[in-house]
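Structure data follow from query-v2.cif (mmCIF, C-alpha atoms):
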data_data
#
loop_
_atom_site.label_atom_id
_atom_site.label_comp_id
_atom_site.auth_asym_id
_atom_site.auth_seq_id
_atom_site.Cartn_x
_atom_site.Cartn_y
_atom_site.Cartn_z
CA ALA A 1370 0.00 0.00 0.00
CA ALA A 1371 2.81 2.41 0.90
CA LYS A 1372 4.57 1.65 -2.40
CA SER A 1373 1.37 2.24 -4.37
CA LEU A 1374 0.78 5.56 -2.65
CA ALA A 1375 4.43 6.60 -3.00
CA GLY A 1376 4.11 5.90 -6.72
CA GLU A 1377 1.43 8.61 -6.79
CA ASP A 1378 3.71 11.09 -4.95
CA LEU A 1379 1.89 10.56 -1.67
CA ARG A 1380 4.44 10.54 1.14
CA CYS A 1381 3.91 7.64 3.57
CA LEU A 1382 5.32 6.73 6.94
CA ILE A 1383 4.80 3.19 8.11
CA CYS A 1384 4.01 3.02 11.82
CA SER A 1385 5.30 0.07 13.82
CA ASP A 1386 2.41 0.04 16.30
CA LEU A 1387 -0.45 2.10 17.74
CA ASP A 1388 1.91 4.14 19.93
CA ASP A 1389 3.90 5.09 16.84
CA LEU A 1390 0.65 5.99 15.05
CA GLU A 1391 -0.45 8.19 17.94
CA GLN A 1392 2.90 9.98 17.87
CA ARG A 1393 2.52 10.62 14.12
CA LEU A 1394 -0.99 11.92 14.71
CA GLU A 1395 0.36 14.37 17.29
CA GLU A 1396 3.01 15.47 14.80
CA GLY A 1397 0.34 16.35 12.24
CA ALA A 1398 -0.34 13.34 10.04
CA ALA A 1399 -2.91 14.04 7.33
CA VAL A 1400 -4.59 10.63 6.99
CA ALA A 1401 -4.09 7.17 8.49
CA VAL A 1402 -4.36 4.00 6.44
CA ILE A 1403 -4.69 1.07 8.83
CA THR A 1404 -5.45 -2.60 8.42
CA GLU A 1405 -8.22 -3.78 10.68
CA GLU A 1406 -5.89 -6.48 12.00
CA ALA A 1407 -3.61 -3.75 13.40
CA LEU A 1408 -6.49 -2.58 15.60
CA HIS A 1409 -8.19 -5.89 16.37
CA ASN A 1410 -7.72 -7.13 19.96
CA ARG A 1411 -5.54 -4.13 20.79
CA ASN A 1412 -6.12 -1.40 23.34
CA THR A 1413 -7.31 1.50 21.19
CA SER A 1414 -8.43 3.70 24.09
CA ALA A 1415 -5.51 6.15 23.63
CA LEU A 1416 -6.33 6.46 19.93
CA GLU A 1417 -10.01 6.92 20.69
CA HIS A 1418 -9.13 9.56 23.28
CA TRP A 1419 -7.02 11.39 20.70
CA VAL A 1420 -9.95 11.36 18.28
CA THR A 1421 -12.40 12.73 20.84
CA SER A 1422 -10.00 15.45 21.99
CA GLN A 1423 -9.43 16.90 18.52
CA SER A 1424 -10.06 20.59 17.99
CA PRO A 1425 -13.63 21.41 16.94
CA TRP A 1426 -12.52 22.11 13.35
CA SER A 1427 -10.70 18.78 13.07
CA ASP A 1428 -12.15 15.47 11.89
CA PHE A 1429 -9.11 13.32 11.22
CA PRO A 1430 -9.66 10.80 8.39
CA PHE A 1431 -8.95 7.11 8.81
CA VAL A 1432 -8.95 4.60 5.95
CA ILE A 1433 -9.37 1.08 7.33
CA LEU A 1434 -8.43 -1.82 5.09
CA THR A 1435 -10.81 -4.64 5.97
CA THR A 1436 -10.94 -8.32 5.14
CA ARG A 1437 -13.82 -10.07 3.46
CA ALA A 1438 -15.00 -11.49 6.78
CA THR A 1439 -18.75 -11.07 7.10
CA SER A 1440 -19.37 -12.72 10.44
CA PRO A 1441 -21.57 -10.86 12.92
CA ALA A 1442 -18.53 -10.36 15.15
CA ALA A 1443 -16.55 -8.78 12.29
CA GLN A 1444 -19.49 -6.53 11.39
CA ALA A 1445 -19.94 -5.47 15.02
CA TYR A 1446 -16.21 -4.73 15.30
CA ARG A 1447 -16.31 -2.54 12.18
CA LEU A 1448 -19.36 -0.68 13.45
CA ARG A 1449 -17.53 -0.04 16.72
CA LEU A 1450 -14.56 1.33 14.74
CA LEU A 1451 -16.86 3.62 12.79
CA GLU A 1452 -18.37 4.89 16.02
CA SER A 1453 -15.15 5.29 18.01
CA LEU A 1454 -12.90 6.76 15.31
CA GLY A 1455 -15.46 8.99 13.61
CA ASN A 1456 -14.28 9.86 10.11
CA VAL A 1457 -13.62 6.35 8.80
CA GLY A 1458 -13.65 4.94 5.30
CA LEU A 1459 -13.70 1.17 4.99
CA LEU A 1460 -12.04 -0.48 2.00
CA GLU A 1461 -12.35 -4.22 1.56
CA ARG A 1462 -9.23 -6.09 0.48
CA PRO A 1463 -8.05 -7.10 -1.96
CA LEU A 1464 -8.28 -3.73 -3.62
CA ASN A 1465 -6.49 -2.19 -6.51
CA ALA A 1466 -4.03 0.68 -6.29
CA VAL A 1467 -6.39 3.19 -7.91
CA THR A 1468 -9.07 2.56 -5.27
CA LEU A 1469 -6.60 3.05 -2.44
CA THR A 1470 -5.06 6.15 -4.05
CA SER A 1471 -8.49 7.63 -4.67
CA ALA A 1472 -9.58 7.08 -1.07
CA VAL A 1473 -6.37 8.58 0.32
CA GLN A 1474 -6.49 11.59 -2.02
CA SER A 1475 -10.09 12.20 -1.04
CA ALA A 1476 -9.16 12.03 2.65
CA LEU A 1477 -6.24 14.41 2.04
CA ARG A 1478 -8.53 16.92 0.29
CA ALA A 1479 -10.92 16.76 3.21
CA ARG A 1480 -8.06 17.29 5.66
CA ARG A 1481 -6.78 20.30 3.68
CA ARG A 1482 -10.28 21.77 3.87
CA GLN A 1483 -10.25 21.27 7.62
CA TYR A 1484 -7.00 23.23 7.87
CA GLU A 1485 -8.58 25.98 5.73
CA VAL A 1486 -11.48 26.07 8.17
CA GLN A 1487 -8.98 26.33 11.02
CA GLU A 1488 -7.35 29.32 9.28
CA HIS A 1489 -10.73 31.00 8.83
CA LEU A 1490 -11.58 30.39 12.48
CA LEU A 1491 -8.25 31.87 13.59
CA GLU A 1492 -8.78 34.90 11.36
CA ARG A 1493 -12.29 35.31 12.75
CA GLU A 1494 -11.02 35.06 16.32
CA ALA A 1495 -8.35 37.68 15.56
CA SER A 1496 -10.96 39.97 14.01
CA ALA A 1497 -13.26 39.46 16.98
CA ALA A 1498 -10.40 40.32 19.35
CA GLN A 1499 -9.65 43.48 17.38
CA LEU A 1500 -13.31 44.40 17.44
CA GLU A 1501 -13.49 43.82 21.19
CA ASP A 1502 -10.43 46.04 21.68
CA LEU A 1503 -12.04 48.74 19.54
CA VAL A 1504 -15.30 48.49 21.49
CA ARG A 1505 -13.40 48.77 24.79
CA GLU A 1506 -11.55 51.86 23.55
CA ARG A 1507 -14.76 53.48 22.29
CA THR A 1508 -16.46 52.64 25.59
CA ARG A 1509 -13.64 54.32 27.51
CA GLN A 1510 -13.95 57.39 25.26
CA LEU A 1511 -17.71 57.50 25.79
CA GLU A 1512 -17.32 57.14 29.56
CA ARG A 1513 -14.75 59.94 29.59
CA THR A 1514 -17.01 62.18 27.47
CA ASN A 1515 -19.99 61.28 29.67
CA ARG A 1516 -18.04 62.29 32.81
CA GLU A 1517 -17.08 65.59 31.18
CA LEU A 1518 -20.70 66.26 30.20
CA ARG A 1519 -21.91 65.46 33.73
CA GLN A 1520 -19.29 67.81 35.12
CA GLN A 1521 -20.38 70.55 32.70
CA ILE A 1522 -24.02 69.96 33.64
CA ALA A 1523 -23.16 70.23 37.34
CA GLU A 1524 -21.21 73.45 36.71
CA ARG A 1525 -24.09 74.84 34.67
CA LYS A 1526 -26.53 74.03 37.49
CA GLN A 1527 -24.27 75.84 39.96
CA VAL A 1528 -24.06 78.86 37.65
CA GLU A 1529 -27.84 78.83 37.16
CA ALA A 1530 -28.40 78.56 40.91
CA ALA A 1531 -26.00 81.48 41.50
CA LEU A 1532 -27.74 83.48 38.77
CA GLN A 1533 -31.15 82.79 40.31
CA GLN A 1534 -29.80 83.80 43.72
CA ALA A 1535 -28.39 87.00 42.24
CA GLN A 1536 -31.68 87.74 40.50
CA LYS A 1537 -33.56 87.19 43.78
CA MET A 1538 -31.18 89.53 45.56
CA GLU A 1539 -31.66 92.10 42.84
CA VAL A 1540 -35.45 91.84 43.08
CA ILE A 1541 -35.23 92.10 46.90
CA GLY A 1542 -32.94 95.11 46.48
CA GLN A 1543 -35.38 96.78 44.09
CA MET A 1544 -38.29 96.08 46.40
CA THR A 1545 -36.34 97.38 49.38
CA GLY A 1546 -35.35 100.45 47.40
CA GLY A 1547 -38.94 100.93 46.30
CA VAL A 1548 -40.24 100.60 49.87
CA ALA A 1549 -37.62 102.99 51.12
#
Render the structure in this file as structure tokens.
Amino acid sequence: AAKSLAGEDLRCLICSDLDDLEQRLEEGAAVAVITEEALHNRNTSALEHWVTSQSPWSDFPFVILTTRATSPAAQAYRLRLLESLGNVGLLERPLNAVTLTSAVQSALRARRRQYEVQEHLLEREASAAQLEDLVRERTRQLERTNRELRQQIAERKQVEAALQQAQKMEVIGQMTGGVA
């Protein structure tokens, strides 16, 4: 399988076991092609944990090469794989090189799209952060202007009160002068 994919300029790394696979996933693998025998009767909990803890934008693709076994146990095992690993394509062996290449290229296209979505999300988060900063700055400016206006209103009220007091005194003065 690796030779067939390499012949189509698809770089492959062969993992020795599930721990090696998990390390490659952490390093940024784009798609995993796995035989069902490599998973059967093995502890896949760490792999399943990795799948469930992916970023929201990520849906890592797995291509599982199955056998022709059609027993209820084999079917149940495959259904469990589909459920636990999520984005899984099953290919029954024997298969030809074109089928494998097509499935891997399709998975790679999907993975590239996921990374594009991640970029868009990061750009959106950056824009949202800029917008929040701008809103905070405008809010501070409005609060400062509001304080200044309240201060001006208070000063105006004091001036008006003083003017009213002066007018009262003037009226009292005129009345006193008129009485005198």
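Counting all atoms listed in the file, the residue from A:Ile1522, A:Val1540, A:Leu1434, A:Ala1371 that sits nearest to Pro1463 (chain A) is A:Leu1434.
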task = Starting from the shown file, work through the PyMOL selection byres ((chain A and resi 1389-1393) around 12) and note down what comes out as a list in words.
result = Cys1381, Leu1382, Ile1383, Cys1384, Ser1385, Asp1386, Leu1387, Asp1388, Leu1394, Glu1395, Glu1396, Gly1397, Ala1398, Ala1399, Val1400, Ala1401, Val1402, Ile1403, Ala1407, Leu1408, Thr1413, Ser1414, Ala1415, Leu1416, Glu1417, His1418, Trp1419, Val1420 and Phe1431 of chain A
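The residues returned by the PyMOL selection byres ((chain A and resi 1424-1427) around 10) for this structure are Val1420, Thr1421, Ser1422, Gln1423, Asp1428, Phe1429, Pro1430, Arg1480, Arg1482, Gln1483, Tyr1484, Glu1485, Val1486, Gln1487, Glu1488 and Leu1490 of chain A.
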Saved selection, atoms kept: C-alpha atoms, as a PDB file, in the coordinates of the input:
ATOM      1  CA  VAL A1420      -9.950  11.360  18.280  1.00  0.00           C
ATOM      2  CA  THR A1421     -12.400  12.730  20.840  1.00  0.00           C
ATOM      3  CA  SER A1422     -10.000  15.450  21.990  1.00  0.00           C
ATOM      4  CA  GLN A1423      -9.430  16.900  18.520  1.00  0.00           C
ATOM      5  CA  ASP A1428     -12.150  15.470  11.890  1.00  0.00           C
ATOM      6  CA  PHE A1429      -9.110  13.320  11.220  1.00  0.00           C
ATOM      7  CA  PRO A1430      -9.660  10.800   8.390  1.00  0.00           C
ATOM      8  CA  ARG A1480      -8.060  17.290   5.660  1.00  0.00           C
ATOM      9  CA  ARG A1482     -10.280  21.770   3.870  1.00  0.00           C
ATOM     10  CA  GLN A1483     -10.250  21.270   7.620  1.00  0.00           C
ATOM     11  CA  TYR A1484      -7.000  23.230   7.870  1.00  0.00           C
ATOM     12  CA  GLU A1485      -8.580  25.980   5.730  1.00  0.00           C
ATOM     13  CA  VAL A1486     -11.480  26.070   8.170  1.00  0.00           C
ATOM     14  CA  GLN A1487      -8.980  26.330  11.020  1.00  0.00           C
ATOM     15  CA  GLU A1488      -7.350  29.320   9.280  1.00  0.00           C
ATOM     16  CA  LEU A1490     -11.580  30.390  12.480  1.00  0.00           C
TER      17      LEU A1490
END
query = Which residues fall under the PyMOL selection byres ((chain A and resi 1466) around 10) in this file, as a list in words?
reply = Ala1370, Lys1372, Ser1373, Leu1374, Gly1376, Glu1377, Pro1463, Leu1464, Asn1465, Val1467, Thr1468, Leu1469, Thr1470, Ser1471 and Ala1472 of chain A
key: Selected residue of minimal separation from Arg1380 (chain A) among A:Asn1410, A:Gln1474, A:Thr1404, A:Gln1527, counting all atoms listed in the file   = A:Gln1474
inquiry  = Can you measure CA of Asp1378 (chain A) to CA of Ile1433 (chain A) for me? One decimal in Å is fine.
reply    = 20.5 Å
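Considering the residues A:Asp1502, A:Glu1405, A:Glu1494, A:Glu1512 and counting only C-alpha atoms, Arg1462 (chain A) has its shortest atom-to-atom contact with A:Glu1405.
Our summary of the geometry notes that CA of Gln1444 (chain A) is positioned 14.4 Å from CA of Val1457 (chain A).
The two atoms in question, CA of Ala1535 (chain A) and CA of Glu1517 (chain A), are spaced 26.6 Å apart.
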